[in-house]
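Student: Take this structure, written in structure tokens, and hold onto it; I'll ask about it next.
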Amino acid sequence: MNTPQQLAEVLTSLRIGNQSFLITFYEENRDLFARWARRQHQLEAVPAHELLRTVLVEFYDQAADGRLTKLPPDLRAYVYGMADEQVRAARTTAVLPVAEAGRRQQLLGLFRQLALDSQKMLMYFYFRGYNFEKVSGKMGFANANVARMQKSISLRKLYELRLRTEAAN
């Protein structure tokens with residue numbers, strides 16, 4: 001799969017929901033990936049396979065929603081890089097101070113009290129990194145300005161929930 005036409009065909013098939021390329025990639029690279037994960041991050045085979053599946057799902061999401069506009073020439077290196085980032089991020093957040101971990105748990109609880117649309121809005125913008133155009137398409141808004149206003153309203157609701165919780169304590 002070296003020609004630009006083949007790469008474009010794979011990306012097009014991913015965008016329409018055909019995951020056969022990713023399944024084949026997983027089956028062919030699972031053992032190699034497990035060896036790499038053991039060597040680089042001291043992961044056993046089962047967690048390494050789970051990490052590879054998680055990374056391939058994220059890759060599929062990037063292709064399906066347009067964040068990935070062209071397939072990387074070395075897909076294996078790209079996937080390994082994504083996995084490396086995930087492992088490093090998990091290790092960084094695993095060692096949070098107790099106060100920070102408690103604050104994050106409190107915010108997560110407040111976040112879950114928001115309406116589902118507000119949760120989706122904030123997730124798309126802050127955690128998935130979507131711009132307002134993308135958010136408006138995902139949420140069914142008329143344009144990016146409506147998405148911008150809805151994000152502001154959702155964030156304001158979260159802030160007010162936090163203030164009410166602090167006042168009650």
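Lettering and numbering for the structure tokens are positional, with chains as A, B, ... in the shown order, residues counted from 1 in each chain, and ligands counted from 1 in the shown order.
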Go through stretch 14-88 of chain A and flag each residue having an atom no more than 12 Å from stretch 132-155 of chain A; for those, report the closest pair of atoms plus their distance in Å to one decimal, using only C-alpha atoms, ordered by chain and rising number, as CSV.

Tutor:
residue,atom,partner,partner_atom,distance
A:Asp65,CA,A:Lys134,CA,8.6
A:Gly66,CA,A:Lys134,CA,9.1
A:Arg67,CA,A:Lys134,CA,9.6

Student: For A:His49, please output as a ChimeraX atom specification all residues within 8 Å (counting only C-alpha atoms; exclusion window: fewer than 3 positions along the same chain).

Tutor: /A:30,33-34,45-46,52-53

Student: I'd like the neighbourhood of A:Thr54 as a PDB file with N, CA and C atoms, in the first residue's frame, where a residue qualifies if any of its atoms comes within 12 Å (using only C-alpha atoms), though same-chain residues fewer than 6 positions away should be ignored.

Tutor:
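See part26.pdb below for the written result:
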ATOM      1  N   LEU A  22      -8.581  -1.610   9.071  1.00  0.00           N
ATOM      2  CA  LEU A  22      -8.085  -1.552  10.447  1.00  0.00           C
ATOM      3  C   LEU A  22      -8.057  -2.936  11.089  1.00  0.00           C
ATOM      4  N   TYR A  26      -4.716  -4.622  12.465  1.00  0.00           N
ATOM      5  CA  TYR A  26      -4.623  -5.137  13.834  1.00  0.00           C
ATOM      6  C   TYR A  26      -4.122  -6.577  13.842  1.00  0.00           C
ATOM      7  N   PRO A  47      -2.700  -6.170  27.867  1.00  0.00           N
ATOM      8  CA  PRO A  47      -2.870  -4.708  27.874  1.00  0.00           C
ATOM      9  C   PRO A  47      -2.342  -4.041  26.601  1.00  0.00           C
ATOM     10  N   ALA A  48      -1.302  -4.600  26.015  1.00  0.00           N
ATOM     11  CA  ALA A  48      -0.772  -4.039  24.768  1.00  0.00           C
ATOM     12  C   ALA A  48      -1.785  -4.188  23.637  1.00  0.00           C
ATOM     13  N   TYR A  60      -9.538   5.605  13.688  1.00  0.00           N
ATOM     14  CA  TYR A  60     -10.759   5.530  12.897  1.00  0.00           C
ATOM     15  C   TYR A  60     -11.620   6.777  13.105  1.00  0.00           C
ATOM     16  N   ASP A  61     -11.742   7.213  14.365  1.00  0.00           N
ATOM     17  CA  ASP A  61     -12.519   8.430  14.652  1.00  0.00           C
ATOM     18  C   ASP A  61     -11.926   9.635  13.933  1.00  0.00           C
ATOM     19  N   VAL A  79       0.719   4.971  14.297  1.00  0.00           N
ATOM     20  CA  VAL A  79      -0.052   4.281  15.334  1.00  0.00           C
ATOM     21  C   VAL A  79       0.803   4.086  16.585  1.00  0.00           C
ATOM     22  N   TYR A  80       2.054   3.716  16.423  1.00  0.00           N
ATOM     23  CA  TYR A  80       2.941   3.546  17.577  1.00  0.00           C
ATOM     24  C   TYR A  80       3.127   4.882  18.298  1.00  0.00           C
ATOM     25  N   MET A  82       0.925   7.336  18.410  1.00  0.00           N
ATOM     26  CA  MET A  82      -0.317   7.591  19.146  1.00  0.00           C
ATOM     27  C   MET A  82      -0.346   6.774  20.439  1.00  0.00           C
ATOM     28  N   ALA A  83       0.080   5.532  20.362  1.00  0.00           N
ATOM     29  CA  ALA A  83       0.094   4.666  21.544  1.00  0.00           C
ATOM     30  C   ALA A  83       1.083   5.197  22.573  1.00  0.00           C
ATOM     31  N   GLN A  86      -0.460   8.048  24.405  1.00  0.00           N
ATOM     32  CA  GLN A  86      -1.479   7.615  25.368  1.00  0.00           C
ATOM     33  C   GLN A  86      -0.841   7.051  26.630  1.00  0.00           C
ATOM     34  N   VAL A  87       0.180   6.243  26.485  1.00  0.00           N
ATOM     35  CA  VAL A  87       0.834   5.657  27.656  1.00  0.00           C
ATOM     36  C   VAL A  87       1.481   6.749  28.498  1.00  0.00           C
TER      37      VAL A  87
END

Student: Need to verify the contact set: stretch 8-14 of chain A, 8 Å, only C-alpha atoms, exclusion of same-chain residues closer than 3 positions in sequence. Can you return it as a ChimeraX atom specification?

Tutor: /A:4-5,17-19,21,60,63-64,70-71

Student: Taking all heavy atoms for each residue, export the selection above as a PDB file, in the first residue's frame.

Tutor:
ATOM      1  N   PRO A   4      -0.219   6.762  -3.705  1.00  0.00           N
ATOM      2  CA  PRO A   4      -1.171   7.737  -3.152  1.00  0.00           C
ATOM      3  C   PRO A   4      -2.624   7.340  -3.414  1.00  0.00           C
ATOM      4  O   PRO A   4      -3.493   7.596  -2.593  1.00  0.00           O
ATOM      5  CB  PRO A   4      -0.816   9.034  -3.878  1.00  0.00           C
ATOM      6  CG  PRO A   4       0.604   8.865  -4.306  1.00  0.00           C
ATOM      7  CD  PRO A   4       0.777   7.400  -4.555  1.00  0.00           C
ATOM      8  N   GLN A   5      -2.883   6.692  -4.544  1.00  0.00           N
ATOM      9  CA  GLN A   5      -4.245   6.275  -4.849  1.00  0.00           C
ATOM     10  C   GLN A   5      -4.726   5.225  -3.846  1.00  0.00           C
ATOM     11  O   GLN A   5      -5.858   5.277  -3.382  1.00  0.00           O
ATOM     12  CB  GLN A   5      -4.337   5.742  -6.274  1.00  0.00           C
ATOM     13  CG  GLN A   5      -5.757   5.350  -6.657  1.00  0.00           C
ATOM     14  CD  GLN A   5      -5.859   4.892  -8.100  1.00  0.00           C
ATOM     15  OE1 GLN A   5      -4.878   4.897  -8.824  1.00  0.00           O
ATOM     16  NE2 GLN A   5      -7.048   4.513  -8.502  1.00  0.00           N
ATOM     17  N   GLY A  17     -17.206   4.141   6.772  1.00  0.00           N
ATOM     18  CA  GLY A  17     -17.492   3.161   7.804  1.00  0.00           C
ATOM     19  C   GLY A  17     -16.916   1.778   7.596  1.00  0.00           C
ATOM     20  O   GLY A  17     -17.136   0.893   8.412  1.00  0.00           O
ATOM     21  N   ASN A  18     -16.173   1.565   6.532  1.00  0.00           N
ATOM     22  CA  ASN A  18     -15.570   0.266   6.278  1.00  0.00           C
ATOM     23  C   ASN A  18     -14.307   0.121   7.126  1.00  0.00           C
ATOM     24  O   ASN A  18     -13.315   0.802   6.916  1.00  0.00           O
ATOM     25  CB  ASN A  18     -15.231   0.127   4.792  1.00  0.00           C
ATOM     26  CG  ASN A  18     -14.671  -1.228   4.448  1.00  0.00           C
ATOM     27  OD1 ASN A  18     -14.391  -2.049   5.310  1.00  0.00           O
ATOM     28  ND2 ASN A  18     -14.509  -1.463   3.155  1.00  0.00           N
ATOM     29  N   GLN A  19     -14.342  -0.778   8.088  1.00  0.00           N
ATOM     30  CA  GLN A  19     -13.233  -0.934   9.022  1.00  0.00           C
ATOM     31  C   GLN A  19     -12.345  -2.137   8.703  1.00  0.00           C
ATOM     32  O   GLN A  19     -11.469  -2.483   9.486  1.00  0.00           O
ATOM     33  CB  GLN A  19     -13.772  -1.069  10.442  1.00  0.00           C
ATOM     34  CG  GLN A  19     -14.558   0.131  10.882  1.00  0.00           C
ATOM     35  CD  GLN A  19     -15.221  -0.076  12.217  1.00  0.00           C
ATOM     36  OE1 GLN A  19     -15.087  -1.124  12.834  1.00  0.00           O
ATOM     37  NE2 GLN A  19     -15.945   0.924  12.664  1.00  0.00           N
ATOM     38  N   PHE A  21      -9.859  -2.524   6.740  1.00  0.00           N
ATOM     39  CA  PHE A  21      -8.433  -2.187   6.711  1.00  0.00           C
ATOM     40  C   PHE A  21      -7.852  -2.197   8.121  1.00  0.00           C
ATOM     41  O   PHE A  21      -6.772  -2.742   8.350  1.00  0.00           O
ATOM     42  CB  PHE A  21      -8.222  -0.814   6.054  1.00  0.00           C
ATOM     43  CG  PHE A  21      -6.811  -0.324   6.168  1.00  0.00           C
ATOM     44  CD1 PHE A  21      -5.814  -0.845   5.370  1.00  0.00           C
ATOM     45  CD2 PHE A  21      -6.470   0.636   7.107  1.00  0.00           C
ATOM     46  CE1 PHE A  21      -4.504  -0.417   5.489  1.00  0.00           C
ATOM     47  CE2 PHE A  21      -5.167   1.078   7.233  1.00  0.00           C
ATOM     48  CZ  PHE A  21      -4.186   0.551   6.414  1.00  0.00           C
ATOM     49  N   TYR A  60      -9.538   5.605  13.688  1.00  0.00           N
ATOM     50  CA  TYR A  60     -10.759   5.530  12.897  1.00  0.00           C
ATOM     51  C   TYR A  60     -11.620   6.777  13.105  1.00  0.00           C
ATOM     52  O   TYR A  60     -12.149   7.338  12.155  1.00  0.00           O
ATOM     53  CB  TYR A  60     -11.552   4.274  13.262  1.00  0.00           C
ATOM     54  CG  TYR A  60     -12.905   4.223  12.615  1.00  0.00           C
ATOM     55  CD1 TYR A  60     -13.037   3.941  11.262  1.00  0.00           C
ATOM     56  CD2 TYR A  60     -14.055   4.475  13.351  1.00  0.00           C
ATOM     57  CE1 TYR A  60     -14.274   3.909  10.653  1.00  0.00           C
ATOM     58  CE2 TYR A  60     -15.297   4.448  12.747  1.00  0.00           C
ATOM     59  CZ  TYR A  60     -15.406   4.164  11.402  1.00  0.00           C
ATOM     60  OH  TYR A  60     -16.626   4.142  10.798  1.00  0.00           O
ATOM     61  N   ALA A  63     -10.224   9.639  11.161  1.00  0.00           N
ATOM     62  CA  ALA A  63     -10.495   9.513   9.728  1.00  0.00           C
ATOM     63  C   ALA A  63     -11.960   9.771   9.424  1.00  0.00           C
ATOM     64  O   ALA A  63     -12.296  10.452   8.456  1.00  0.00           O
ATOM     65  CB  ALA A  63     -10.092   8.135   9.231  1.00  0.00           C
ATOM     66  N   ALA A  64     -12.847   9.235  10.264  1.00  0.00           N
ATOM     67  CA  ALA A  64     -14.283   9.339   9.999  1.00  0.00           C
ATOM     68  C   ALA A  64     -14.801  10.759  10.130  1.00  0.00           C
ATOM     69  O   ALA A  64     -15.677  11.174   9.372  1.00  0.00           O
ATOM     70  CB  ALA A  64     -15.056   8.407  10.940  1.00  0.00           C
ATOM     71  N   LYS A  70      -5.268  13.043   5.288  1.00  0.00           N
ATOM     72  CA  LYS A  70      -4.544  12.099   4.430  1.00  0.00           C
ATOM     73  C   LYS A  70      -3.916  11.041   5.307  1.00  0.00           C
ATOM     74  O   LYS A  70      -3.536  11.294   6.444  1.00  0.00           O
ATOM     75  CB  LYS A  70      -3.513  12.797   3.558  1.00  0.00           C
ATOM     76  CG  LYS A  70      -2.370  13.425   4.305  1.00  0.00           C
ATOM     77  CD  LYS A  70      -1.394  14.057   3.334  1.00  0.00           C
ATOM     78  CE  LYS A  70      -0.153  14.491   4.092  1.00  0.00           C
ATOM     79  NZ  LYS A  70       0.874  14.988   3.233  1.00  0.00           N
ATOM     80  N   LEU A  71      -3.832   9.858   4.759  1.00  0.00           N
ATOM     81  CA  LEU A  71      -3.273   8.735   5.501  1.00  0.00           C
ATOM     82  C   LEU A  71      -1.764   8.920   5.611  1.00  0.00           C
ATOM     83  O   LEU A  71      -1.106   9.271   4.637  1.00  0.00           O
ATOM     84  CB  LEU A  71      -3.597   7.438   4.757  1.00  0.00           C
ATOM     85  CG  LEU A  71      -3.719   6.179   5.584  1.00  0.00           C
ATOM     86  CD1 LEU A  71      -4.795   6.337   6.648  1.00  0.00           C
ATOM     87  CD2 LEU A  71      -4.064   5.007   4.718  1.00  0.00           C
TER      88      LEU A  71
END

Student: Please give the complete set of residues from stretch 38-152 of chain A that DSSP, run on the backbone, assigns to alpha helix (DSSP H), formatted as a ChimeraX atom specification.

Tutor: /A:38-41,45-64,75-94,98-113,116-122,132-139,144-152
